[in-house]
Each structure stands twice: as C-alpha cells, then as structure tokens.
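Student: target-v2.txt is reproduced in full below (compact mmCIF, C-alpha atoms).
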```txt
# COMPACT_ATOMS: atom_id res chain seq x y z
CA MET S 991 71.22 35.01 69.12
CA GLN S 992 69.20 38.25 69.06
CA ARG S 993 67.86 37.53 72.53
CA ARG S 994 71.39 37.10 73.84
CA THR S 995 72.44 40.40 72.22
CA ARG S 996 69.54 42.22 73.83
CA LEU S 997 70.42 40.75 77.23
CA LEU S 998 74.04 41.84 76.85
CA LYS S 999 72.95 45.39 76.04
CA LEU S 1000 70.64 45.48 79.05
CA THR S 1001 73.41 44.22 81.32
CA ALA S 1002 75.80 46.86 80.00
CA CYS S 1003 73.24 49.61 80.69
CA LEU S 1004 72.74 48.40 84.25
CA LEU S 1005 76.49 48.34 84.82
CA VAL S 1006 76.82 51.90 83.55
CA LEU S 1007 74.02 53.05 85.85
CA TRP S 1008 75.53 51.24 88.80
CA GLN S 1009 78.94 52.78 88.26
CA GLY S 1010 77.53 56.31 88.04
CA SER S 1011 78.70 58.85 90.62
CA PRO S 1012 76.73 61.57 92.35
CA ALA S 1013 77.18 65.20 91.37
CA GLN S 1014 79.83 67.20 93.22
CA ASP S 1015 78.22 69.38 95.88
CA PHE S 1016 79.92 72.13 97.86
CA GLN S 1017 79.00 72.79 101.46
CA PHE S 1018 79.65 76.55 101.48
CA ARG S 1019 79.30 79.55 99.22
CA ALA S 1020 80.77 83.08 99.40
CA GLU S 1021 79.72 86.02 97.24
CA VAL S 1022 82.27 88.11 95.38
CA PRO S 1023 81.47 91.87 95.28
CA ALA S 1024 80.85 93.48 91.89
CA VAL S 1025 83.89 95.00 90.16
CA PRO S 1026 83.90 98.49 88.56
CA GLN S 1027 85.66 97.55 85.29
CA PRO S 1028 86.78 94.44 83.40
CA GLY S 1029 90.20 92.93 84.06
CA TYR S 1030 92.14 90.75 86.43
CA TYR S 1031 91.52 91.05 90.17
CA ARG S 1032 92.89 89.59 93.38
CA ILE S 1033 90.00 88.05 95.30
CA LEU S 1034 91.03 88.18 98.96
CA LEU S 1035 90.04 84.92 100.66
CA LEU S 1036 88.99 85.15 104.29
CA PRO S 1037 90.36 82.70 106.89
CA SER S 1038 86.80 81.34 107.21
CA VAL S 1039 87.02 80.31 103.54
CA LEU S 1040 90.50 78.80 103.49
CA GLY S 1041 89.99 76.95 106.75
CA ARG S 1042 87.11 74.98 105.24
CA LEU S 1043 88.97 73.78 102.14
CA ASN S 1044 90.07 70.18 102.01
CA ALA S 1045 93.59 69.11 103.03
CA ALA S 1046 95.05 69.72 99.54
CA GLN S 1047 93.05 72.95 99.01
CA THR S 1048 91.68 71.62 95.71
CA ASP S 1049 87.95 72.16 96.32
CA LEU S 1050 87.63 75.88 95.53
CA ARG S 1051 85.63 76.94 92.45
CA LEU S 1052 84.68 80.36 91.06
CA TYR S 1053 81.37 80.68 89.18
CA ASP S 1054 79.58 83.51 87.39
CA ASP S 1055 75.85 84.28 87.53
CA LYS S 1056 75.17 81.61 84.85
CA ASN S 1057 77.00 79.00 86.91
CA ARG S 1058 79.90 78.85 84.47
CA GLU S 1059 83.26 77.95 86.02
CA ILE S 1060 85.84 80.77 85.91
CA PRO S 1061 89.58 79.89 85.89
CA TYR S 1062 91.66 81.26 88.75
CA LEU S 1063 95.16 81.07 90.26
CA LEU S 1064 95.73 80.66 94.00
CA THR S 1065 98.58 82.77 95.44
CA LYS S 1066 99.79 82.96 99.04
CA ASN S 1067 101.67 85.95 100.45
CA GLN S 1068 104.23 84.17 102.65
CA PRO S 1069 107.72 85.26 103.73
CA VAL S 1070 110.27 84.76 100.94
CA GLN S 1071 114.05 84.65 101.21
CA GLN S 1072 115.97 85.50 98.04
CA THR S 1073 119.67 84.85 97.44
CA GLN S 1074 121.67 87.08 95.09
CA PHE S 1075 125.26 86.75 93.86
CA LYS S 1076 127.37 89.92 93.93
CA ALA S 1077 130.82 90.01 92.31
CA TYR S 1078 133.91 91.48 93.97
CA GLU S 1079 136.25 93.79 92.09
CA LEU S 1080 138.90 91.55 90.49
CA ILE S 1081 142.10 93.63 90.39
CA GLY S 1082 144.49 90.90 89.28
CA LYS S 1083 144.41 87.57 87.47
CA THR S 1084 147.68 85.81 86.61
CA ILE S 1085 147.84 82.41 84.90
CA THR S 1086 151.24 80.67 84.84
CA PRO S 1087 150.90 77.47 82.75
CA ARG S 1088 151.71 74.28 84.66
CA VAL S 1089 152.28 76.33 87.82
CA ALA S 1090 149.33 78.26 89.25
CA THR S 1091 146.42 80.65 88.74
CA THR S 1092 146.47 83.66 91.06
CA LEU S 1093 143.38 85.82 91.64
CA VAL S 1094 143.48 89.07 93.61
CA LEU S 1095 140.18 90.67 94.57
CA ARG S 1096 139.22 93.71 96.61
CA ASN S 1097 136.78 94.10 99.46
CA PRO S 1098 136.67 97.95 99.49
CA ALA S 1099 134.35 98.30 102.50
CA LYS S 1100 136.47 95.84 104.53
CA SER S 1101 133.25 94.08 105.42
CA PRO S 1102 133.69 91.01 107.64
CA ILE S 1103 133.23 87.97 105.38
CA HIS S 1104 133.58 84.23 105.91
CA SER S 1105 133.12 82.83 102.39
CA LEU S 1106 133.84 83.42 98.72
CA GLY S 1107 131.83 82.23 95.75
CA LEU S 1108 133.61 81.12 92.56
CA VAL S 1109 131.59 80.84 89.36
CA ILE S 1110 133.48 78.19 87.37
CA LYS S 1111 132.87 76.69 83.94
CA ASN S 1112 131.78 73.07 84.25
CA THR S 1113 134.78 70.82 84.78
CA ASN S 1114 135.74 67.38 86.00
CA VAL S 1115 139.16 68.48 87.29
CA ARG S 1116 140.21 68.43 90.94
CA LYS S 1117 142.48 71.21 92.27
CA LYS S 1118 144.22 72.36 95.45
CA ALA S 1119 144.14 76.04 96.49
CA ARG S 1120 145.10 78.41 99.28
CA LEU S 1121 143.75 81.79 100.43
CA SER S 1122 145.53 84.74 102.01
CA GLY S 1123 144.56 88.29 102.97
CA SER S 1124 146.17 91.72 102.98
CA ASN S 1125 145.40 95.35 103.78
CA ASP S 1126 147.85 96.84 101.24
CA ALA S 1127 148.04 94.12 98.53
CA LYS S 1128 151.74 93.72 99.31
CA THR S 1129 152.10 91.86 102.58
CA TRP S 1130 149.94 88.71 102.62
CA TYR S 1131 148.76 86.72 105.62
CA GLY S 1132 147.58 83.14 105.45
CA ILE S 1133 143.88 82.36 105.95
CA GLU S 1134 143.36 78.85 104.52
CA ASP S 1135 146.08 76.59 103.15
CA GLU S 1136 144.37 73.34 102.15
CA TYR S 1137 141.34 73.92 99.92
CA GLU S 1138 140.15 70.99 97.82
CA LEU S 1139 138.35 72.30 94.72
CA GLU S 1140 136.09 69.41 93.74
CA PRO S 1141 134.77 68.93 90.19
CA VAL S 1142 131.76 71.14 89.43
CA ALA S 1143 129.06 70.33 86.90
CA SER S 1144 125.54 71.61 86.30
CA SER S 1145 122.98 69.84 84.17
CA ALA S 1146 121.05 73.08 83.59
CA THR S 1147 123.83 75.63 82.87
CA THR S 1148 127.42 75.58 81.60
CA SER S 1149 128.80 76.96 84.87
CA GLU S 1150 128.37 76.31 88.58
CA ALA S 1151 129.16 78.17 91.82
CA LYS S 1152 131.67 76.81 94.32
CA ILE S 1153 131.65 78.20 97.88
CA LEU S 1154 134.90 78.52 99.84
CA ASP S 1155 134.42 78.91 103.60
CA PHE S 1156 137.07 80.38 105.92
CA PRO S 1157 137.34 82.09 109.36
CA LEU S 1158 135.66 85.50 109.59
CA SER S 1159 138.01 88.13 108.14
CA ASP S 1160 137.89 91.84 107.25
CA TYR S 1161 140.89 92.27 104.91
CA GLU S 1162 140.62 94.72 102.04
CA TYR S 1163 142.38 92.34 99.62
CA TYR S 1164 142.20 88.58 99.19
CA GLN S 1165 144.51 86.40 97.12
CA LEU S 1166 143.46 82.96 95.90
CA GLU S 1167 146.21 80.71 94.50
CA ILE S 1168 145.13 77.57 92.60
CA ASN S 1169 147.68 74.83 91.92
CA ASP S 1170 147.82 74.05 88.15
CA SER S 1171 150.91 71.80 88.20
CA LEU S 1172 148.98 68.67 87.23
CA SER S 1173 146.37 70.02 84.79
CA ALA S 1174 145.22 73.00 82.77
CA PRO S 1175 143.79 76.00 84.68
CA LEU S 1176 140.13 76.39 85.57
CA ASN S 1177 137.94 78.88 83.71
CA ILE S 1178 136.84 81.13 86.60
CA LEU S 1179 134.18 83.59 85.43
CA GLN S 1180 133.47 85.53 88.65
CA VAL S 1181 134.48 85.76 92.30
CA GLY S 1182 131.98 87.22 94.72
CA TYR S 1183 129.60 86.54 97.57
CA TYR S 1184 125.94 85.72 98.19
CA THR S 1185 123.50 88.01 99.96
CA ALA S 1186 120.19 86.89 101.39
CA THR S 1187 117.25 89.28 101.51
CA ALA S 1188 113.99 88.41 103.23
CA ARG S 1189 110.60 89.70 102.17
CA ALA S 1190 108.10 89.77 104.99
CA GLY S 1191 104.79 88.04 104.47
CA GLN S 1192 101.36 89.56 104.99
CA TYR S 1193 98.94 88.01 107.46
CA ALA S 1194 95.26 88.31 108.30
CA GLU S 1195 94.08 87.69 111.86
CA ILE S 1196 91.81 84.72 112.46
CA SER S 1197 88.98 86.09 114.58
CA GLY S 1198 87.25 84.26 117.41
CA VAL S 1199 90.35 82.49 118.79
CA SER S 1200 90.13 81.61 122.51
CA PHE S 1201 92.47 79.88 124.94
CA ALA S 1202 92.33 78.25 128.37
CA GLN S 1203 95.36 77.48 130.56
CA ARG S 1204 95.78 74.53 132.90
CA ASP S 1205 98.89 74.28 135.11
CA SER S 1206 99.72 70.64 135.80
CA SER S 1207 101.54 69.03 138.72
CA ASN S 1208 104.15 67.66 136.29
CA ARG S 1209 105.70 71.16 136.07
CA LYS S 1210 104.05 71.92 132.74
CA SER S 1211 101.39 74.35 131.61
CA TYR S 1212 98.87 73.24 128.98
CA VAL S 1213 97.22 76.05 127.00
CA HIS S 1214 94.30 74.87 124.89
CA ILE S 1215 93.89 77.15 121.84
CA ARG S 1216 90.52 76.89 120.10
CA PHE S 1217 89.40 78.16 116.68
CA PRO S 1218 85.75 78.94 115.89
CA THR S 1219 85.85 76.76 112.75
CA LEU S 1220 88.39 74.69 110.88
CA ALA S 1221 91.41 76.97 110.41
CA ARG S 1222 94.82 77.04 108.74
CA PRO S 1223 96.99 79.14 111.05
CA ASP S 1224 100.36 80.14 109.59
CA LYS S 1225 101.50 82.20 112.58
CA LEU S 1226 100.68 82.50 116.28
CA MET S 1227 101.55 85.55 118.40
CA ILE S 1228 101.90 84.85 122.13
CA SER S 1229 102.06 87.60 124.76
CA VAL S 1230 103.10 86.89 128.38
CA LYS S 1231 101.81 89.07 131.22
CA ALA S 1232 103.96 87.75 134.10
CA PRO S 1233 106.61 87.28 135.40
CA SER S 1234 108.89 90.00 134.07
CA GLN S 1235 111.90 87.69 133.56
CA TYR S 1236 111.54 84.19 132.10
CA ARG S 1237 113.06 81.74 129.67
CA ARG S 1238 111.08 78.56 129.02
CA SER S 1239 111.09 75.75 126.47
CA ALA S 1240 107.72 75.31 124.80
CA GLU S 1241 106.08 73.41 122.00
CA LEU S 1242 102.98 73.64 119.87
CA ALA S 1243 101.19 70.31 119.66
CA GLN S 1244 98.01 68.53 118.59
CA ARG S 1245 96.17 66.05 120.77
CA ARG S 1246 95.96 62.60 119.25
CA VAL S 1247 94.49 59.28 120.36
CA ARG S 1248 96.42 56.05 119.91
CA LYS S 1249 94.19 52.99 119.57
CA ARG S 1250 95.29 49.85 121.35
CA LYS S 1251 94.01 46.31 121.70
CA ARG S 1252 90.62 45.59 123.28
CA ALA S 1253 89.26 48.99 122.20
CA VAL S 1254 91.50 50.81 124.68
CA SER S 1255 92.61 54.28 123.54
CA SER S 1256 95.57 56.30 124.82
CA PRO S 1257 95.75 60.09 124.25
CA PHE S 1258 99.09 61.73 123.46
CA PHE S 1259 100.47 65.01 122.09
CA GLU S 1260 102.08 65.20 118.67
CA THR S 1261 104.59 68.04 118.42
CA VAL S 1262 104.06 70.55 115.61
CA GLN S 1263 106.77 73.09 116.45
CA GLY S 1264 109.29 73.52 119.26
CA PHE S 1265 110.51 77.00 120.35
CA GLU S 1266 111.55 79.15 123.32
CA LEU S 1267 109.63 81.77 125.26
CA ASN S 1268 112.05 84.50 126.38
CA SER S 1269 111.35 87.75 128.21
CA LYS S 1270 113.70 89.66 125.89
CA ASP S 1271 110.82 89.68 123.36
CA SER S 1272 107.45 91.20 124.18
CA LEU S 1273 105.69 89.14 121.52
CA HIS S 1274 106.58 85.57 120.59
CA PRO S 1275 105.84 84.61 116.96
CA VAL S 1276 105.46 80.90 116.17
CA TYR S 1277 105.34 79.92 112.49
CA VAL S 1278 103.64 76.76 111.25
CA SER S 1279 102.66 75.51 107.81
CA ASP S 1280 100.38 72.94 106.15
CA LEU S 1281 98.26 72.65 109.28
CA GLN S 1282 94.48 72.42 109.30
CA THR S 1283 92.90 72.12 112.72
CA ARG S 1284 90.17 73.21 115.11
CA ASP S 1285 92.46 73.47 118.14
CA LEU S 1286 96.08 73.42 119.26
CA TYR S 1287 97.92 72.95 122.55
CA LEU S 1288 100.74 75.17 123.80
CA ILE S 1289 102.84 73.12 126.26
CA ILE S 1290 105.26 75.12 128.44
CA GLU S 1291 108.07 73.56 130.51
CA ASN S 1292 108.07 75.39 133.85
CA GLN S 1293 110.75 73.35 135.65
CA ASP S 1294 110.79 74.70 139.25
CA ASN S 1295 109.41 78.11 138.26
CA ALA S 1296 105.95 79.51 138.75
CA PRO S 1297 103.74 79.09 135.65
CA LEU S 1298 103.64 81.88 133.11
CA ALA S 1299 100.53 84.05 132.95
CA LEU S 1300 99.58 84.53 129.32
CA GLU S 1301 98.00 87.79 128.25
CA THR S 1302 96.95 87.08 124.64
CA VAL S 1303 97.19 84.32 122.04
CA LYS S 1304 96.39 85.43 118.50
CA ALA S 1305 96.40 83.43 115.28
CA TYR S 1306 97.08 84.67 111.77
CA GLN S 1307 96.82 83.26 108.29
CA ALA S 1308 98.99 84.21 105.33
CA VAL S 1309 97.06 86.51 103.01
CA THR S 1310 95.80 84.39 100.11
CA TYR S 1311 94.24 85.53 96.83
CA ALA S 1312 92.42 83.91 93.95
CA LEU S 1313 93.56 85.69 90.75
CA ALA S 1314 90.83 85.76 88.12
CA GLU S 1315 89.48 87.82 85.24
CA LEU S 1316 86.18 89.45 86.21
CA LYS S 1317 83.57 91.57 84.38
CA PRO S 1318 81.45 94.35 85.90
CA ASP S 1319 78.14 93.17 84.40
CA GLN S 1320 78.28 89.74 86.04
CA ALA S 1321 77.88 88.40 89.57
CA TYR S 1322 80.38 85.89 90.92
CA HIS S 1323 80.56 83.54 93.86
CA LEU S 1324 82.93 80.98 95.32
CA SER S 1325 81.82 77.43 96.07
CA PHE S 1326 84.00 75.29 98.32
CA ALA S 1327 84.27 72.54 100.95
CA ASN S 1328 84.04 69.12 99.31
CA PRO S 1329 86.73 66.59 100.32
CA SER S 1330 86.23 64.50 97.16
CA VAL S 1331 86.83 67.28 94.61
CA GLY S 1332 90.18 67.20 92.81
CA ARG S 1333 92.42 70.06 91.74
CA PRO S 1334 91.09 72.07 88.77
CA VAL S 1335 93.15 72.22 85.58
CA TYR S 1336 93.14 75.63 83.87
CA ASP S 1337 95.06 77.05 80.92
CA LEU S 1338 95.60 80.18 83.02
CA VAL S 1339 98.55 78.56 84.83
CA TYR S 1340 100.61 78.80 81.62
CA PHE S 1341 100.05 82.55 81.36
CA LYS S 1342 100.60 83.66 84.97
CA ASP S 1343 103.74 85.59 83.94
CA LYS S 1344 101.58 87.84 81.75
CA ILE S 1345 99.25 88.84 84.58
CA PRO S 1346 100.19 92.26 86.09
CA ALA S 1347 101.77 92.21 89.54
CA ASN S 1348 99.74 94.92 91.32
CA LEU S 1349 96.14 93.98 90.72
CA PRO S 1350 93.12 95.61 92.41
CA ILE S 1351 91.72 93.69 95.38
CA VAL S 1352 88.15 92.62 96.11
CA GLN S 1353 87.39 90.89 99.41
CA VAL S 1354 85.06 87.92 99.31
CA ARG S 1355 82.13 88.10 101.71
CA GLU S 1356 81.64 85.81 104.70
CA PRO S 1357 80.70 82.27 103.63
CA VAL S 1358 77.26 80.81 104.15
CA ALA S 1359 76.18 77.19 104.10
CA THR S 1360 74.79 75.98 100.80
CA PRO S 1361 71.08 75.17 101.33
CA THR S 1362 71.32 71.75 99.68
CA ALA S 1363 74.71 70.88 101.17
CA GLY S 1364 74.59 67.56 102.96
CA VAL S 1365 70.97 66.89 101.83
CA ALA S 1366 71.23 64.76 98.73
CA PRO S 1367 67.97 64.19 96.86
CA PRO S 1368 66.79 60.57 96.89
CA SER S 1369 68.06 58.86 93.77
CA PHE S 1370 69.23 55.56 92.46
CA PHE S 1371 72.82 56.41 93.39
CA THR S 1372 72.14 57.15 97.06
CA ASN S 1373 69.70 54.27 97.80
CA ARG S 1374 71.81 51.30 98.79
CA TRP S 1375 68.88 48.87 98.46
CA LEU S 1376 68.40 49.85 94.84
CA ILE S 1377 72.14 49.55 94.22
CA TRP S 1378 72.29 46.07 95.75
CA GLY S 1379 69.14 45.06 93.86
CA ALA S 1380 70.65 46.22 90.57
CA LEU S 1381 73.85 44.36 91.36
CA GLY S 1382 71.82 41.20 92.04
CA VAL S 1383 70.01 41.56 88.70
CA VAL S 1384 73.34 41.98 86.92
CA ILE S 1385 74.73 38.84 88.56
CA VAL S 1386 71.60 36.81 87.65
CA LEU S 1387 71.70 38.00 84.03
CA LEU S 1388 75.38 37.23 83.69
CA SER S 1389 74.84 33.76 85.18
CA PHE S 1390 71.93 33.11 82.82
CA LEU S 1391 73.94 34.22 79.78
CA SER S 1392 76.85 32.03 80.80
CA TYR S 1393 74.53 29.04 81.24
CA ARG S 1394 72.95 29.60 77.79
CA MET S 1395 76.32 29.96 76.13
CA VAL S 1396 77.62 26.72 77.66
CA ASN S 1397 74.51 24.81 76.55
CA GLU S 1398 74.77 26.17 73.02
CA MET S 1399 78.43 25.17 72.86
CA LYS S 1400 77.53 21.65 74.02
CA SER S 1401 74.73 21.30 71.45
CA ARG S 1402 77.12 22.32 68.66
```
What is this structure when it is put down as structure tokens?
Tutor:
Amino acid sequence: MQRRTRLLKLTACLLVLWQGSPAQDFQFRAEVPAVPQPGYYRILLLPSVLGRLNAAQTDLRLYDDKNREIPYLLTKNQPVQQTQFKAYELIGKTITPRVATTLVLRNPAKSPIHSLGLVIKNTNVRKKARLSGSNDAKTWYGIEDEYELEPVASSATTSEAKILDFPLSDYEYYQLEINDSLSAPLNILQVGYYTATARAGQYAEISGVSFAQRDSSNRKSYVHIRFPTLARPDKLMISVKAPSQYRRSAELAQRRVRKRKRAVSSPFFETVQGFELNSKDSLHPVYVSDLQTRDLYLIIENQDNAPLALETVKAYQAVTYALAELKPDQAYHLSFANPSVGRPVYDLVYFKDKIPANLPIVQVREPVATPTAGVAPPSFFTNRWLIWGALGVVIVLLSFLSYRMVNEMKSR
C-alpha cells in the first residue's frame, strides 16, 4: 500500500512538471525617460511600439527598475463625434382631454431643420399626429399630416427620445397636434433637436513608408505601400501630382493567398476600404482601423484615362498613450511583443475618472530587441525528447499501478 502511494505521488509530480509552461518573454524593450516629479503621466507610444503589439494589443507591460509591474491605462486619441440635445422654446402647450394635445414651439433663427426630437415619458400608447409651420404663429401651413407615434420605452431611464422627420423647412414657428381621442395624453417633457459635434483626432506620422506604382494593362494602377516594420496605420494621406483634373474610384487592399487542392495557391486582393480620388481635394485622407500589416495595396480604376502620377503617400497612427503613475527616483521601461500574453487586469481601470485630464507627456524612446528574446535557455520544457520521455514514464507508471490494483482486487 505504501509503495503504491509513493508511486502515485511520483506520477503526480511528473504530471505537474510536464504541464508546466515557459516564462513569458517579450521581444522588445523601450526605455521611459525620467520624470521630474511624482504623479500621473501620459507615456507617448511611438508607432514602432504599437505596430509590434499582438493583434489584441494585450502584450504591453510597464516595469520599474526593480522589475515590478506598474499598472497603466491605454488611451487612443481618435476622432470622436458627440451628439447633444438642445430644446426649442415652447411658447404654447394646450391639452384638451379626449381631443388633442397641441404644442407650439419657436425656431427664432429660422434655421433650416428637417427633424424634431420629442422627449417623452415611457409609454405603451400609440398616437397619430400632424405638423404644421408658420412665420407669424397665426396662419399655419401643413408639413406632415400622418405621423405614427409608436410606443417608447427605455430600460435605463424613465423617458425616451422620439425623432420626427419632415421635409427641410425654415419656419419660425412649428405646431404639433397629437390626437388624444382614444387615450390619455402623452407626457412630453421637451421638444428640441440634436446637434453633432466632431472632435478631430491627433495623429503621428509613421516614418520610413515607401511606395511603388505599377500600371497594369487591365486599366488599373497598383501602388504597393510598404512599412519598415509591422504597423497599425489609422490614416493614409495620398497626394496626386498629375493630371490636374481627375475623378477615380480606388480601394485600399491587402494581398492574400487562397490555397486550393494539390498545393496550388491563388493570390487575390481583399478590400480594406473603398473611396474616391477627386481633383477637388489636394490631399486625400483614407481612414482605416484595427489593421496591423507590413504592406498595403492602393488599387486605382483608370478606365480609359491615363494613370495617375502619385506624388506622396504618407501613413499616420492615432496618438496613443499609456497612463501611469511614475516617480522621479525610479527608472521605467516598456516590454512588449509576445503573441501569447493576455490582457493585464489592473485596479486602475476602476479609477480612471479620478485621473486628471491634462497630464504631462513623456515620449518613450525607440524600442530595441531584448537580448534574450527568441533564445530560450535549454530546459525541460523546451526539450521535446525530455517531454516525450517523461510522458512515456508517466504512461508506464500508470499502467503498472493499474495492473497492481487489478491483481490485488482479484486476490481479495
């Protein structure tokens, strides 16, 4: 019995050793300059850093001079479009029970509008409505006669917005009449409109980009855009030198290879983004996202026209920061580039609202290859012969234990 227990323990140890995993190594390292005072900083990540991260961008780590991991937050400065509700001046609201609700609102600037937003308390009632316009609030002209106000309900708030679309109009006054003959009136909190404001993103140029153009007999031009290393371009800027007037369909694509039977491969282009090149613009921006590549192809449809002569092709990456708390008496560095590393889990994500908005910036230095990257020291875990030998020993021991147990059961 004791012998069997010892054998079981030995087998368990071998299994634990066999299931062990090698340490996580990063292929590149980038130094972070010293900071003048303690506090939170925005560490500006170069395109040469972000381009080498894995597909999910989970393999970035910040360490201090004692190799302790420092929590950080990754932020990307991309274009943002914000929508805001603005209320109109409500100059009249009349509720006639079992008849109608009449709202009169004013558009003082007489701005051309094509929609109204109604903020309504959650309801499951269906209504009919009509809209008219006026310049003196006395004589009304019909705009829309058959609105169907569907039930509105929000699971997050007690009210919801309903948008009413109509032909573009510039009346100073608008009158909305809601039919209440079949049910109680709706609780309308506000009437207004939505405005959209765009905040431009910030971009850093990816250096070392080159391109070569080949004009094909199939009336297309193929421009091969190459990056010096793996890159994540968020925007391309294309400049055309000649001719002076042009309008061409174009697409940004990646070259792929489709494998077929009998080891035959067929190359093809996978479209990333379609757009138009037009001489009315001197520079042509092309926006892409979630793209990691070493090269791209710009394919231009020439039809019966002479090929375009490109002047420049530049690539840019959205400015990205790692937000972290740094101290002046310590040295920091970034380690990155390991496809097998998962996303870090930090408490800092729960306190990002408490971090100041305008933090000082430090720019990480150019990355260098880690000396031991890709050269794993010989060990049990990297020697496949040892692994297979250990697996064989485990199988033999398990077989022996099973045989002994069956014999003992028979003898009993």
Student: Excluding same-chain residues fewer than 6 positions from Ser1105 in chain S, what lies within 7 Å of it counting all atoms listed in the file, as a list in words?
Tutor: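 Skipping anything fewer than 6 positions along the chain leaves Ile1153, Leu1154, Asp1155 and Phe1156 of chain S.
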Student: Which value, in Å to one decimal, gives the distance between CA of Met1227 in chain S and CA of Leu1064 in chain S?
Tutor: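 Interatomic distance here is 25.6 Å.
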Student: Determine the nearest neighbour of Asp1343 in chain S from the options S:Glu1136, S:Asn1328, S:Leu1063, S:Asn1397, counting only C-alpha atoms.
Tutor: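 Distance minimum relative to Asp1343 in chain S lands on S:Leu1063.
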Student: Please indicate the distance in Å from CA of Pro1037 in chain S to CA of Ile1228 in chain S, rounded to one decimal place.
Tutor: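 CA of Pro1037 in chain S sits 19.2 Å away from CA of Ile1228 in chain S.
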Student: Which residues are close to range 1038-1052 of chain S, i.e. within 6 Å by only C-alpha atoms, leaving aside same-chain residues fewer than 2 positions away? Reply as a compact mmCIF listing (two decimals) with C-alpha atoms, in the frame of the given file.
Tutor:
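This is the output file result-v2.txt:
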```txt
# COMPACT_ATOMS: atom_id res chain seq x y z
CA LEU S 1036 88.99 85.15 104.29
CA GLU S 1059 83.26 77.95 86.02
CA ILE S 1060 85.84 80.77 85.91
CA LEU S 1220 88.39 74.69 110.88
CA ALA S 1221 91.41 76.97 110.41
CA ARG S 1222 94.82 77.04 108.74
CA HIS S 1323 80.56 83.54 93.86
CA LEU S 1324 82.93 80.98 95.32
CA SER S 1325 81.82 77.43 96.07
CA PHE S 1326 84.00 75.29 98.32
CA ALA S 1327 84.27 72.54 100.95
CA ASN S 1328 84.04 69.12 99.31
CA PRO S 1329 86.73 66.59 100.32
CA VAL S 1331 86.83 67.28 94.61
CA GLY S 1332 90.18 67.20 92.81
CA ARG S 1333 92.42 70.06 91.74
```
Student: Considering all atoms listed in the file, can you say which of S:Thr1113, S:Ser1330, S:Gln1293, S:Ser1229 comes closest to Asp1015 in chain S?
Tutor: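 Among the listed residues, S:Ser1330 lies closest to Asp1015 in chain S.
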Student: Select, counting only C-alpha atoms, all protein, DNA and RNA residues no farther than 12 Å from (147.8, 95.9, 100.3) in file coordinates, and express the selection as a list of chain:residue names.
Tutor: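 Residues close enough to count: S:Ile1081, S:Val1094, S:Leu1095, S:Arg1096, S:Asn1097, S:Pro1098, S:Ser1122, S:Gly1123, S:Ser1124, S:Asn1125, S:Asp1126, S:Ala1127, S:Lys1128, S:Thr1129, S:Trp1130, S:Tyr1131, S:Tyr1161, S:Glu1162, S:Tyr1163, S:Tyr1164, S:Gln1165.
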Student: Could you please determine the separation between CA of Ala1243 in chain S and CA of Thr1065 in chain S in Å, to one decimal place?
Tutor: 27.4 Å
Student: Excluding range 1355-1362 of chain S and residues on its chain fewer than 5 positions from it, collect all residues at most 8 Å away from it, counting all atoms listed in the file, and give them as a PyMOL selection string.
Tutor: chain S and resi 1016-1023+1036+1038-1039
Student: Would you write out those residues with C-alpha atoms, as a short mmCIF file (atom, residue, chain, number, x, y, z; two decimals), keeping the file's coordinate frame?
Tutor:
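Output saved as again_22.cif:
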```cif
data_model
loop_
_atom_site.label_atom_id
_atom_site.label_comp_id
_atom_site.auth_asym_id
_atom_site.auth_seq_id
_atom_site.Cartn_x
_atom_site.Cartn_y
_atom_site.Cartn_z
CA PHE S 1016 79.92 72.13 97.86
CA GLN S 1017 79.00 72.79 101.46
CA PHE S 1018 79.65 76.55 101.48
CA ARG S 1019 79.30 79.55 99.22
CA ALA S 1020 80.77 83.08 99.40
CA GLU S 1021 79.72 86.02 97.24
CA VAL S 1022 82.27 88.11 95.38
CA PRO S 1023 81.47 91.87 95.28
CA LEU S 1036 88.99 85.15 104.29
CA SER S 1038 86.80 81.34 107.21
CA VAL S 1039 87.02 80.31 103.54
#
```
